[in-house]
file entry-v1.txt (compact mmCIF, C-alpha atoms and all ligand atoms)
# COMPACT_ATOMS: atom_id res chain seq x y z
CA MET G 28 -24.67 125.45 206.95
CA LYS G 29 -24.35 127.15 210.33
CA LEU G 30 -26.49 125.72 213.10
CA ALA G 31 -27.82 127.12 216.37
CA ILE G 32 -29.15 124.40 218.69
CA LEU G 33 -31.89 125.51 221.10
CA GLY G 34 -32.26 122.97 223.91
CA PHE G 35 -29.17 120.84 224.59
CA GLY G 36 -30.68 117.88 226.43
CA VAL G 37 -31.01 114.30 225.18
CA VAL G 38 -31.90 115.23 221.60
CA GLY G 39 -29.65 118.27 221.16
CA GLN G 40 -26.68 116.24 222.43
CA GLY G 41 -27.75 113.30 220.26
CA LEU G 42 -27.45 115.48 217.16
CA ALA G 43 -24.15 116.99 218.35
CA GLU G 44 -22.67 113.50 218.87
CA ILE G 45 -23.63 112.50 215.33
CA LEU G 46 -22.21 115.73 213.89
CA ALA G 47 -18.98 115.27 215.88
CA ASN G 48 -18.43 111.57 215.17
CA GLN G 49 -20.58 110.16 212.39
CA CYS G 50 -21.22 112.89 209.85
CA GLU G 51 -18.42 112.20 207.35
CA LYS G 52 -20.50 109.70 205.37
CA THR G 53 -23.35 112.21 205.10
CA ARG G 54 -20.90 114.88 203.91
CA GLN G 55 -19.54 112.54 201.22
CA GLN G 56 -23.03 111.50 200.10
CA THR G 57 -24.65 114.94 200.08
CA GLY G 58 -21.96 117.64 200.26
CA MET G 59 -23.56 118.96 203.45
CA ALA G 60 -21.00 120.44 205.87
CA PRO G 61 -22.80 121.65 209.01
CA LYS G 62 -21.04 123.65 211.71
CA VAL G 63 -22.60 124.36 215.12
CA VAL G 64 -22.05 128.05 215.93
CA ALA G 65 -24.42 128.37 218.90
CA ILE G 66 -26.03 126.37 221.69
CA SER G 67 -28.62 127.86 224.01
CA ASP G 68 -29.92 125.80 226.89
CA PHE G 69 -31.62 126.72 230.18
CA LYS G 70 -29.83 124.04 232.17
CA ILE G 71 -26.36 123.61 230.69
CA GLY G 72 -25.71 127.20 229.53
CA SER G 73 -25.23 129.01 226.25
CA LEU G 74 -22.28 129.55 223.90
CA TYR G 75 -21.89 131.37 220.60
CA ASP G 76 -18.83 131.48 218.40
CA PRO G 77 -19.41 132.74 214.86
CA ASN G 78 -16.46 130.59 213.74
CA GLY G 79 -17.96 127.40 215.16
CA LEU G 80 -17.90 125.58 218.50
CA ASP G 81 -15.63 122.64 219.31
CA LEU G 82 -18.26 119.89 219.69
CA ASP G 83 -15.87 117.43 221.32
CA LYS G 84 -15.21 119.91 224.11
CA VAL G 85 -18.92 120.80 224.41
CA LEU G 86 -19.98 117.16 224.63
CA HIS G 87 -17.23 116.31 227.12
CA LEU G 88 -18.38 119.15 229.41
CA ALA G 89 -22.03 118.14 229.02
CA ALA G 90 -21.24 114.53 229.94
CA THR G 91 -18.84 115.24 232.81
CA VAL G 92 -19.95 118.42 234.59
CA GLY G 93 -23.31 119.13 232.97
CA SER G 94 -22.38 122.76 232.35
CA LEU G 95 -20.69 124.73 229.55
CA GLU G 96 -19.11 127.17 232.00
CA ASP G 97 -15.60 125.72 231.58
CA TYR G 98 -15.63 125.94 227.77
CA PRO G 99 -12.42 127.83 226.87
CA ASN G 100 -12.72 131.57 226.24
CA SER G 101 -11.63 133.12 222.95
CA ALA G 102 -11.80 136.56 221.31
CA THR G 103 -14.96 135.53 219.43
CA LEU G 104 -16.80 133.57 222.14
CA VAL G 105 -20.04 134.99 223.55
CA ARG G 106 -21.77 133.41 226.54
CA GLY G 107 -25.27 133.49 227.94
CA LEU G 108 -27.48 134.29 224.93
CA ASP G 109 -31.09 133.16 225.41
CA ALA G 110 -32.98 131.35 222.66
CA MET G 111 -34.56 134.44 221.09
CA THR G 112 -31.27 136.37 221.03
CA THR G 113 -29.54 133.32 219.60
CA ILE G 114 -32.07 133.18 216.76
CA VAL G 115 -31.86 136.86 215.91
CA GLN G 116 -28.29 137.91 216.70
CA THR G 117 -26.09 134.96 215.70
CA ASN G 118 -24.85 134.14 212.21
CA ALA G 119 -26.67 130.75 212.24
CA ASP G 120 -28.74 130.13 209.15
CA VAL G 121 -30.50 127.02 210.52
CA ILE G 122 -32.20 126.88 213.93
CA VAL G 123 -32.47 123.45 215.54
CA GLU G 124 -35.48 123.57 217.92
CA ALA G 125 -35.06 120.85 220.58
CA THR G 126 -36.49 122.60 223.63
CA PHE G 127 -39.37 121.48 225.84
CA THR G 128 -42.68 120.49 224.18
CA ASP G 129 -45.42 122.49 225.89
CA ILE G 130 -48.60 120.45 225.48
CA LYS G 131 -50.94 123.35 226.25
CA THR G 132 -49.64 126.22 224.14
CA GLY G 133 -46.73 124.98 222.01
CA GLU G 134 -44.81 128.03 223.30
CA PRO G 135 -42.18 129.43 223.36
CA ALA G 136 -41.24 127.18 220.46
CA ILE G 137 -43.93 128.61 218.15
CA THR G 138 -42.44 132.07 218.72
CA HIS G 139 -38.95 130.67 218.11
CA CYS G 140 -40.11 129.44 214.70
CA LYS G 141 -41.86 132.68 213.74
CA THR G 142 -38.84 134.74 214.82
CA ALA G 143 -36.51 132.51 212.82
CA PHE G 144 -38.65 132.76 209.68
CA ALA G 145 -38.87 136.55 209.96
CA ALA G 146 -35.05 136.56 210.13
CA LYS G 147 -34.99 134.31 206.98
CA LYS G 148 -33.60 131.36 208.92
CA HIS G 149 -34.53 127.72 208.37
CA VAL G 150 -35.91 125.60 211.23
CA VAL G 151 -35.60 121.88 211.91
CA MET G 152 -37.23 120.55 215.05
CA THR G 153 -38.21 117.63 217.21
CA ASN G 154 -40.43 119.80 219.40
CA LYS G 155 -43.99 118.65 218.69
CA GLY G 156 -45.75 121.74 220.04
CA PRO G 157 -45.40 124.06 217.05
CA ILE G 158 -46.46 121.46 214.48
CA ALA G 159 -49.38 120.16 216.55
CA MET G 160 -50.68 123.63 217.43
CA ALA G 161 -49.76 125.78 214.45
CA TYR G 162 -48.70 123.69 211.43
CA LYS G 163 -50.72 125.58 208.82
CA GLN G 164 -49.61 129.00 209.97
CA LEU G 165 -45.96 127.98 210.33
CA SER G 166 -45.71 126.17 207.01
CA GLU G 167 -47.26 129.18 205.26
CA LEU G 168 -44.89 131.57 207.05
CA ALA G 169 -41.87 129.43 206.12
CA ALA G 170 -42.98 129.39 202.46
CA GLU G 171 -43.61 133.17 202.42
CA ASN G 172 -40.10 133.76 203.76
CA GLY G 173 -38.49 131.23 201.41
CA VAL G 174 -37.13 129.08 204.23
CA TYR G 175 -37.28 125.39 205.17
CA LEU G 176 -39.34 123.87 207.96
CA GLY G 177 -38.38 120.29 208.98
CA PHE G 178 -40.12 118.23 211.66
CA GLU G 179 -39.47 114.54 210.88
CA GLY G 180 -38.51 113.70 214.48
CA THR G 181 -41.83 114.90 215.90
CA VAL G 182 -43.40 111.52 215.08
CA MET G 183 -41.53 108.25 215.65
CA SER G 184 -38.12 109.80 216.25
CA GLY G 185 -35.61 108.68 213.58
CA THR G 186 -38.04 106.24 211.96
CA PRO G 187 -39.19 108.09 208.83
CA ALA G 188 -42.94 107.89 209.45
CA LEU G 189 -43.70 111.34 208.05
CA ARG G 190 -41.27 111.25 205.13
CA LEU G 191 -42.56 107.80 204.08
CA ALA G 192 -46.14 109.08 203.92
CA ARG G 193 -45.29 112.47 202.40
CA THR G 194 -42.92 111.21 199.70
CA ALA G 195 -42.87 107.45 198.99
CA LEU G 196 -46.65 107.02 199.44
CA ILE G 197 -47.60 110.17 197.58
CA GLY G 198 -50.80 109.85 195.53
CA ASN G 199 -52.57 107.67 198.10
CA THR G 200 -55.49 108.78 200.21
CA PHE G 201 -54.97 107.53 203.76
CA THR G 202 -58.32 106.17 204.89
CA GLU G 203 -57.07 105.22 208.33
CA VAL G 204 -53.85 105.55 210.33
CA ASN G 205 -53.17 103.39 213.41
CA GLY G 206 -50.03 103.54 215.49
CA ILE G 207 -48.12 102.90 218.65
CA LEU G 208 -46.70 106.39 218.81
CA ASN G 209 -45.24 106.77 222.29
CA GLY G 210 -42.04 104.94 223.21
CA THR G 211 -42.32 105.56 226.95
CA THR G 212 -45.73 103.95 227.42
CA ASN G 213 -44.94 101.04 225.10
CA TYR G 214 -41.74 100.46 227.07
CA MET G 215 -43.71 100.62 230.33
CA LEU G 216 -46.40 98.21 229.10
CA THR G 217 -43.73 95.72 227.99
CA GLN G 218 -41.98 95.87 231.38
CA MET G 219 -45.27 95.71 233.32
CA GLU G 220 -46.29 92.55 231.44
CA ASP G 221 -43.24 90.95 233.07
CA GLY G 222 -44.27 92.13 236.51
CA MET G 223 -42.47 95.46 236.89
CA SER G 224 -44.40 98.17 238.75
CA TYR G 225 -45.79 101.22 236.97
CA HIS G 226 -43.39 103.53 238.85
CA ASP G 227 -40.26 101.45 238.20
CA ALA G 228 -41.14 101.10 234.52
CA LEU G 229 -41.62 104.86 234.21
CA LYS G 230 -38.36 105.50 236.06
CA GLN G 231 -36.48 103.24 233.64
CA ALA G 232 -38.05 104.95 230.62
CA GLN G 233 -36.93 108.30 232.03
CA GLU G 234 -33.39 107.02 232.67
CA LYS G 235 -33.18 105.78 229.09
CA GLY G 236 -34.09 109.25 227.74
CA TYR G 237 -37.45 108.20 226.26
CA ALA G 238 -39.79 110.24 228.47
CA GLU G 239 -40.75 113.87 228.12
CA ALA G 240 -39.34 116.37 230.64
CA ASP G 241 -42.78 116.13 232.28
CA PRO G 242 -43.70 112.44 231.81
CA THR G 243 -47.38 113.20 232.47
CA SER G 244 -47.38 114.02 228.79
CA ASP G 245 -46.43 110.41 227.96
CA VAL G 246 -48.55 108.50 230.45
CA GLU G 247 -51.67 110.61 230.05
CA GLY G 248 -51.48 110.24 226.26
CA TYR G 249 -50.84 113.90 225.36
CA ASP G 250 -47.58 113.11 223.56
CA ALA G 251 -49.30 110.51 221.33
CA LEU G 252 -52.26 112.87 220.89
CA TYR G 253 -49.92 115.56 219.54
CA LYS G 254 -48.47 113.02 217.12
CA ILE G 255 -51.97 112.08 215.95
CA VAL G 256 -52.70 115.76 215.31
CA ILE G 257 -49.40 116.12 213.43
CA LEU G 258 -50.21 113.06 211.27
CA ALA G 259 -53.71 114.35 210.51
CA ASN G 260 -52.43 117.78 209.48
CA THR G 261 -49.21 116.94 207.66
CA VAL G 262 -50.01 113.54 206.13
CA MET G 263 -53.81 113.37 205.80
CA GLY G 264 -54.33 117.06 205.00
CA GLU G 265 -56.98 117.42 207.72
CA ALA G 266 -57.03 120.42 210.08
CA LEU G 267 -57.50 118.40 213.28
CA THR G 268 -56.79 120.16 216.61
CA PRO G 269 -55.87 118.60 219.98
CA ASP G 270 -59.45 119.16 221.17
CA ASP G 271 -60.75 116.89 218.38
CA VAL G 272 -58.92 113.82 219.74
CA GLU G 273 -60.38 111.52 222.39
CA ARG G 274 -57.71 110.71 225.00
CA VAL G 275 -57.47 108.10 227.75
CA GLY G 276 -54.25 107.75 229.77
CA LEU G 277 -52.28 104.63 230.69
CA LYS G 278 -53.05 105.03 234.40
CA THR G 279 -56.61 103.78 233.82
CA LEU G 280 -55.11 100.29 233.29
CA LEU G 281 -54.36 98.08 236.29
CA ALA G 282 -51.09 96.10 236.41
CA ALA G 283 -53.16 92.92 236.91
CA GLU G 284 -55.16 93.58 233.72
CA ILE G 285 -51.90 93.91 231.75
CA GLN G 286 -50.53 90.61 233.07
CA THR G 287 -53.83 88.74 232.68
CA ALA G 288 -54.08 89.85 229.06
CA LYS G 289 -50.59 88.50 228.42
CA GLN G 290 -51.53 85.11 229.92
CA GLN G 291 -54.49 85.05 227.48
CA GLY G 292 -52.21 85.74 224.51
CA LYS G 293 -53.41 89.34 224.24
CA ARG G 294 -51.64 92.67 224.80
CA TRP G 295 -52.68 96.14 225.91
CA LYS G 296 -51.27 98.85 223.68
CA MET G 297 -51.64 102.64 223.76
CA LEU G 298 -53.03 103.01 220.27
CA GLY G 299 -53.41 106.22 218.30
CA THR G 300 -56.06 106.11 215.59
CA ILE G 301 -57.37 108.46 212.91
CA ARG G 302 -60.22 107.32 210.66
CA ARG G 303 -62.09 108.99 207.85
CA THR G 304 -65.78 108.25 208.39
CA ALA G 305 -69.02 109.39 206.78
CA ASP G 306 -69.37 111.73 209.80
CA GLY G 307 -65.89 113.23 209.40
CA MET G 308 -62.56 112.43 211.02
CA LYS G 309 -62.51 110.33 214.21
CA ALA G 310 -59.33 110.37 216.26
CA ALA G 311 -58.35 108.82 219.59
CA VAL G 312 -55.44 107.81 221.79
CA LYS G 313 -56.26 105.14 224.36
CA PRO G 314 -55.27 101.73 225.72
CA ILE G 315 -56.72 99.01 223.48
CA LEU G 316 -56.59 95.24 224.01
CA LEU G 317 -55.10 93.64 220.89
CA ASP G 318 -55.23 90.00 219.80
CA SER G 319 -51.87 88.42 219.03
CA SER G 320 -52.82 88.38 215.32
CA HIS G 321 -52.97 92.19 215.19
CA PRO G 322 -49.97 93.63 213.26
CA LEU G 323 -49.16 96.05 216.12
CA SER G 324 -49.42 93.57 219.00
CA SER G 325 -45.82 92.32 218.76
CA ILE G 326 -44.25 95.77 219.11
CA ASP G 327 -42.05 95.78 222.24
CA GLY G 328 -40.17 98.32 224.33
CA ALA G 329 -39.57 101.86 223.06
CA THR G 330 -40.25 100.69 219.52
CA ASN G 331 -43.11 102.40 217.68
CA ALA G 332 -45.09 101.26 214.65
CA ILE G 333 -47.58 102.82 212.31
CA THR G 334 -49.97 101.34 209.76
CA TYR G 335 -51.07 103.57 206.89
CA SER G 336 -54.23 102.25 205.21
CA CYS G 337 -53.83 103.56 201.68
CA ASP G 338 -56.54 103.54 198.98
CA LEU G 339 -54.00 102.52 196.31
CA ALA G 340 -51.09 100.78 198.03
CA GLY G 341 -53.11 98.93 200.70
CA ASP G 342 -51.95 98.63 204.30
CA ILE G 343 -48.33 99.57 204.91
CA THR G 344 -46.75 99.16 208.35
CA LEU G 345 -43.50 100.84 209.40
CA THR G 346 -41.72 99.83 212.61
CA GLY G 347 -38.75 101.44 214.35
CA ALA G 348 -37.47 103.45 217.27
CA GLY G 349 -39.99 105.91 218.70
CA ALA G 350 -37.61 107.71 221.04
CA GLY G 351 -33.95 107.84 222.00
CA LYS G 352 -30.85 110.04 221.85
CA LYS G 353 -29.13 108.81 218.71
CA GLU G 354 -32.38 107.98 216.89
CA THR G 355 -33.94 111.40 217.43
CA GLY G 356 -30.60 113.09 216.71
CA TYR G 357 -30.70 111.21 213.42
CA ALA G 358 -34.18 112.57 212.66
CA LEU G 359 -32.68 116.06 212.89
CA LEU G 360 -29.77 115.01 210.66
CA SER G 361 -32.23 113.75 208.03
CA ASP G 362 -34.05 117.11 208.11
CA LEU G 363 -30.72 118.94 207.84
CA VAL G 364 -29.91 116.96 204.70
CA ASP G 365 -33.30 117.88 203.24
CA CYS G 366 -32.70 121.50 204.25
CA HIS G 367 -29.26 121.39 202.58
CA PHE G 368 -30.87 120.28 199.29
CA PHE G 369 -33.48 123.04 199.70
CA MET G 370 -30.72 125.64 200.21
CA GLU G 371 -28.77 124.31 197.22
CA GLU G 372 -31.87 124.52 195.02
CA ASN G 373 -32.50 128.12 196.17
CA ARG G 374 -28.88 129.03 195.42
CA LYS G 375 -29.17 127.61 191.88
CA VAL G 376 -32.38 129.57 191.24
CA THR G 377 -30.83 132.78 192.61
CA ASN G 378 -27.71 132.33 190.42
CA GLN G 379 -29.72 131.76 187.21
N1 LIG G 401 -36.17 112.30 223.86
C1 LIG G 401 -36.73 111.78 222.76
O1 LIG G 401 -36.55 110.59 222.45
C2 LIG G 401 -37.55 112.64 221.87
C3 LIG G 401 -37.81 113.98 222.16
N2 LIG G 401 -38.56 114.74 221.31
C4 LIG G 401 -38.79 116.16 221.59
O2 LIG G 401 -37.54 116.84 221.48
C5 LIG G 401 -37.47 117.92 222.42
C6 LIG G 401 -36.23 117.75 223.29
O3 LIG G 401 -36.36 116.52 223.99
P1 LIG G 401 -35.22 116.04 225.00
O4 LIG G 401 -33.88 116.43 224.48
O5 LIG G 401 -35.50 114.63 225.29
O6 LIG G 401 -35.56 116.93 226.29
P2 LIG G 401 -34.58 117.31 227.47
O7 LIG G 401 -35.46 117.72 228.61
O8 LIG G 401 -33.56 116.25 227.66
O9 LIG G 401 -33.79 118.60 226.91
C7 LIG G 401 -34.41 119.82 226.64
C8 LIG G 401 -33.44 120.90 227.08
O10 LIG G 401 -33.95 122.16 226.62
C9 LIG G 401 -33.84 123.10 227.69
N3 LIG G 401 -34.85 124.12 227.44
C10 LIG G 401 -36.19 124.06 227.62
N4 LIG G 401 -36.77 125.19 227.20
C11 LIG G 401 -35.76 126.00 226.74
C12 LIG G 401 -35.71 127.29 226.16
N5 LIG G 401 -36.81 128.01 225.94
N6 LIG G 401 -34.50 127.81 225.80
C13 LIG G 401 -33.37 127.08 226.01
N7 LIG G 401 -33.37 125.84 226.55
C14 LIG G 401 -34.54 125.31 226.91
C15 LIG G 401 -34.09 122.27 228.94
O11 LIG G 401 -33.65 122.92 230.10
P3 LIG G 401 -34.49 122.67 231.47
O12 LIG G 401 -34.44 121.19 231.72
O13 LIG G 401 -33.76 123.48 232.49
O14 LIG G 401 -35.88 123.15 231.20
C16 LIG G 401 -33.31 121.00 228.61
O15 LIG G 401 -31.95 121.14 228.96
C17 LIG G 401 -38.77 117.89 223.22
O16 LIG G 401 -39.63 118.85 222.67
C18 LIG G 401 -39.29 116.47 222.98
O17 LIG G 401 -40.70 116.43 223.00
C19 LIG G 401 -39.04 114.24 220.13
C20 LIG G 401 -38.81 112.94 219.77
C21 LIG G 401 -38.10 112.01 220.65
N1 LIG G 402 -41.51 110.92 225.03
C1 LIG G 402 -41.63 110.52 223.67
C2 LIG G 402 -40.37 110.85 222.94
C3 LIG G 402 -40.55 110.93 221.49
O1 LIG G 402 -41.40 111.59 220.97
C4 LIG G 402 -41.89 109.02 223.60
O2 LIG G 402 -41.75 108.36 224.63
O3 LIG G 402 -42.26 108.52 222.53

call {"tool": "encode", "arguments": {"input": "entry-v1.txt", "output": "structure tokens", "more": "lines below"}}
Ligand SMILES: NC(=O)C1=CN([C@@H]2O[C@H](COP(=O)(O)OP(=O)(O)OC[C@H]3O[C@@H](n4cnc5c(N)ncnc54)[C@H](OP(=O)(O)O)[C@@H]3O)[C@@H](O)[C@H]2O)C=CC1
Ligand SMILES: N[C@@H](CC=O)C(=O)O
result
Amino acid sequence: MKLAILGFGVVGQGLAEILANQCEKTRQQTGMAPKVVAISDFKIGSLYDPNGLDLDKVLHLAATVGSLEDYPNSATLVRGLDAMTTIVQTNADVIVEATFTDIKTGEPAITHCKTAFAAKKHVVMTNKGPIAMAYKQLSELAAENGVYLGFEGTVMSGTPALRLARTALIGNTFTEVNGILNGTTNYMLTQMEDGMSYHDALKQAQEKGYAEADPTSDVEGYDALYKIVILANTVMGEALTPDDVERVGLKTLLAAEIQTAKQQGKRWKMLGTIRRTADGMKAAVKPILLDSSHPLSSIDGATNAITYSCDLAGDITLTGAGAGKKETGYALLSDLVDCHFFMEENRKVTNQ
């Protein structure tokens, strides 16, 4: 399995660290042996070696100088390829899409996916744009081209919110889904309850790698809105679009309201909701005041939680990290394992 990583920020480096240091167990359990052949990043630079890159050297340069310029030259090393050229011209068979989530168009990541599929390459991604804006089209294109499309990390990072619903809970109809789906705002709300200012709480969330490159996406609720759209499309089988979701940002809440609620044993949470109603699907992302008895009221910090209301299995709540370097890197690893099994299955069928 030869990987090209597009976007080498928090998440791309998170995956690379796991592959460099903690992948042996996965190899023993699954037989998967991934090799990173290319990295393409606006900020840190781009490298391609068809024989594989030395991840220890790459990660050291990223951590110390923030640039790949000093990576040692070799006869096979190519520098400076942009994302599209990396997809088309390298020998990678799996594209890892970890670039910027554009909340208006989903581009250029949608084009990255389409280009990869046309070149018969698999895609795993944490970028929410393509799945929120174009899931149906992309999943059909992947199937037509016989390639894998993985997107577990787009909702709740390394906590398997999508895989749980799409595999373990199969056969249920989800009547309602409620979740705390944005780590940044939940972290901010938790800090603000203890008196921290909005700006300091946001700054900390950014420093910890939770926030989007443009944190407006987090605080105005667009990031959670995208996740609601992804859940509706991929888990509930409903073709919801971003325009169908009511959205209210965190800024509408005053710091005093947050602290007063806490003194009354209540908590404000940015809640994402999708409900099947007699009038169709109703979806929203907004701050809601929860009683302490509510199953989502105790969720602190960058932790996320989701409750699936299932017609057969009842209410099932899953809690775990909603953002973070290692956690989101792990989400990509879990998709790579799934992709490895998909590739193995294809190989068996081809050899029959
Ligand atoms: N951080 C997290 O916990 C989570 C993040 N995600 C998603 O994963 C993706 C990556 O997030 P994260 O690593 O935190 O973001 P970062 O901003 O840390 O890293 C993204 C990197 O990609 C580069 N980049 C952007 N566009 C391109 C492009 N077209 N070609 C090459 N490089 C590009 C950026 O460069 P520059 O800065 O110069 O633009 C930056 O270096 C995002 O889509 C995010 O929504 C999903 C779940 C959790
Ligand atoms: N910015 C997002 C990162 C994961 O999707 C968040 O804070 O949850």

call {"tool": "closest_residue", "arguments": {"input": "entry-v1.txt", "among": "G:Gln164, G:Gln40, G:Thr202, G:Asn154", "to": "Leu82 in chain G", "atoms": "only C-alpha atoms"}}
result
G:Gln40

call {"tool": "residues_near_ligand", "arguments": {"input": "entry-v1.txt", "ligand": "ligand LIG 401 (chain G)", "cutoff": "6 Å", "atoms": "only C-alpha atoms and all ligand atoms", "output": "number ranges by chain"}}
result
G: 33-39, 67-70, 110, 125-128, 153-155, 180-181, 184, 236-237, 239-240, 350-352, 355

call {"tool": "closest_residue", "arguments": {"input": "entry-v1.txt", "among": "G:Gly177, G:Gly58, G:Gly206, G:Gly292", "to": "ligand LIG 402 (chain G)", "atoms": "all atoms listed in the file"}}
result
G:Gly206

call {"tool": "atom_distance", "arguments": {"input": "entry-v1.txt", "atom1": "CA of Leu46 in chain G", "atom2": "CA of Pro61 in chain G"}}
result
7.7 Å

call {"tool": "atom_distance", "arguments": {"input": "entry-v1.txt", "atom1": "CA of Ala102 in chain G", "atom2": "CA of Pro77 in chain G"}}
result
10.7 Å

call {"tool": "decode", "arguments": {"input": "entry-v1.txt", "residues": "range 62-69 of chain G", "atoms": "all heavy atoms", "output": "PDB file, in the first residue's frame"}}
result
ATOM      1  N   LYS G  62       3.386   2.345   3.040  1.00  0.00           N
ATOM      2  CA  LYS G  62       4.626   3.104   2.844  1.00  0.00           C
ATOM      3  C   LYS G  62       4.227   4.463   2.287  1.00  0.00           C
ATOM      4  O   LYS G  62       3.454   4.538   1.332  1.00  0.00           O
ATOM      5  CB  LYS G  62       5.481   2.339   1.835  1.00  0.00           C
ATOM      6  CG  LYS G  62       6.752   2.976   1.428  1.00  0.00           C
ATOM      7  CD  LYS G  62       7.762   1.960   0.879  1.00  0.00           C
ATOM      8  CE  LYS G  62       7.379   1.415  -0.480  1.00  0.00           C
ATOM      9  NZ  LYS G  62       8.394   0.576  -1.081  1.00  0.00           N
ATOM     10  N   VAL G  63       4.716   5.537   2.896  1.00  0.00           N
ATOM     11  CA  VAL G  63       4.394   6.878   2.380  1.00  0.00           C
ATOM     12  C   VAL G  63       5.385   7.225   1.273  1.00  0.00           C
ATOM     13  O   VAL G  63       6.592   7.310   1.511  1.00  0.00           O
ATOM     14  CB  VAL G  63       4.448   7.935   3.503  1.00  0.00           C
ATOM     15  CG1 VAL G  63       4.186   9.337   2.931  1.00  0.00           C
ATOM     16  CG2 VAL G  63       3.425   7.611   4.592  1.00  0.00           C
ATOM     17  N   VAL G  64       4.883   7.398   0.045  1.00  0.00           N
ATOM     18  CA  VAL G  64       5.781   7.735  -1.072  1.00  0.00           C
ATOM     19  C   VAL G  64       5.751   9.233  -1.385  1.00  0.00           C
ATOM     20  O   VAL G  64       6.667   9.746  -2.019  1.00  0.00           O
ATOM     21  CB  VAL G  64       5.435   6.934  -2.353  1.00  0.00           C
ATOM     22  CG1 VAL G  64       5.716   5.448  -2.156  1.00  0.00           C
ATOM     23  CG2 VAL G  64       4.004   7.168  -2.818  1.00  0.00           C
ATOM     24  N   ALA G  65       4.663   9.921  -0.976  1.00  0.00           N
ATOM     25  CA  ALA G  65       4.580  11.352  -1.323  1.00  0.00           C
ATOM     26  C   ALA G  65       3.869  12.138  -0.234  1.00  0.00           C
ATOM     27  O   ALA G  65       2.957  11.642   0.422  1.00  0.00           O
ATOM     28  CB  ALA G  65       3.846  11.527  -2.652  1.00  0.00           C
ATOM     29  N   ILE G  66       4.320  13.375  -0.083  1.00  0.00           N
ATOM     30  CA  ILE G  66       3.654  14.352   0.794  1.00  0.00           C
ATOM     31  C   ILE G  66       3.554  15.639  -0.017  1.00  0.00           C
ATOM     32  O   ILE G  66       4.545  16.051  -0.644  1.00  0.00           O
ATOM     33  CB  ILE G  66       4.491  14.598   2.070  1.00  0.00           C
ATOM     34  CG1 ILE G  66       4.463  13.364   2.976  1.00  0.00           C
ATOM     35  CG2 ILE G  66       3.983  15.831   2.838  1.00  0.00           C
ATOM     36  CD1 ILE G  66       5.464  13.396   4.109  1.00  0.00           C
ATOM     37  N   SER G  67       2.365  16.236  -0.022  1.00  0.00           N
ATOM     38  CA  SER G  67       2.236  17.520  -0.724  1.00  0.00           C
ATOM     39  C   SER G  67       1.514  18.491   0.192  1.00  0.00           C
ATOM     40  O   SER G  67       0.373  18.242   0.590  1.00  0.00           O
ATOM     41  CB  SER G  67       1.457  17.338  -2.028  1.00  0.00           C
ATOM     42  OG  SER G  67       1.320  18.586  -2.670  1.00  0.00           O
ATOM     43  N   ASP G  68       2.188  19.557   0.547  1.00  0.00           N
ATOM     44  CA  ASP G  68       1.613  20.507   1.501  1.00  0.00           C
ATOM     45  C   ASP G  68       1.998  21.933   1.117  1.00  0.00           C
ATOM     46  O   ASP G  68       3.165  22.203   0.840  1.00  0.00           O
ATOM     47  CB  ASP G  68       2.108  20.179   2.917  1.00  0.00           C
ATOM     48  CG  ASP G  68       1.450  21.058   3.959  1.00  0.00           C
ATOM     49  OD1 ASP G  68       0.382  20.678   4.459  1.00  0.00           O
ATOM     50  OD2 ASP G  68       1.994  22.136   4.266  1.00  0.00           O
ATOM     51  N   PHE G  69       1.016  22.819   1.128  1.00  0.00           N
ATOM     52  CA  PHE G  69       1.246  24.234   0.796  1.00  0.00           C
ATOM     53  C   PHE G  69       2.349  24.842   1.656  1.00  0.00           C
ATOM     54  O   PHE G  69       3.189  25.580   1.184  1.00  0.00           O
ATOM     55  CB  PHE G  69      -0.019  25.050   1.091  1.00  0.00           C
ATOM     56  CG  PHE G  69      -1.057  25.029   0.007  1.00  0.00           C
ATOM     57  CD1 PHE G  69      -2.339  25.514   0.260  1.00  0.00           C
ATOM     58  CD2 PHE G  69      -0.783  24.557  -1.270  1.00  0.00           C
ATOM     59  CE1 PHE G  69      -3.307  25.529  -0.716  1.00  0.00           C
ATOM     60  CE2 PHE G  69      -1.753  24.569  -2.255  1.00  0.00           C
ATOM     61  CZ  PHE G  69      -3.020  25.059  -1.982  1.00  0.00           C
TER      62      PHE G  69
END
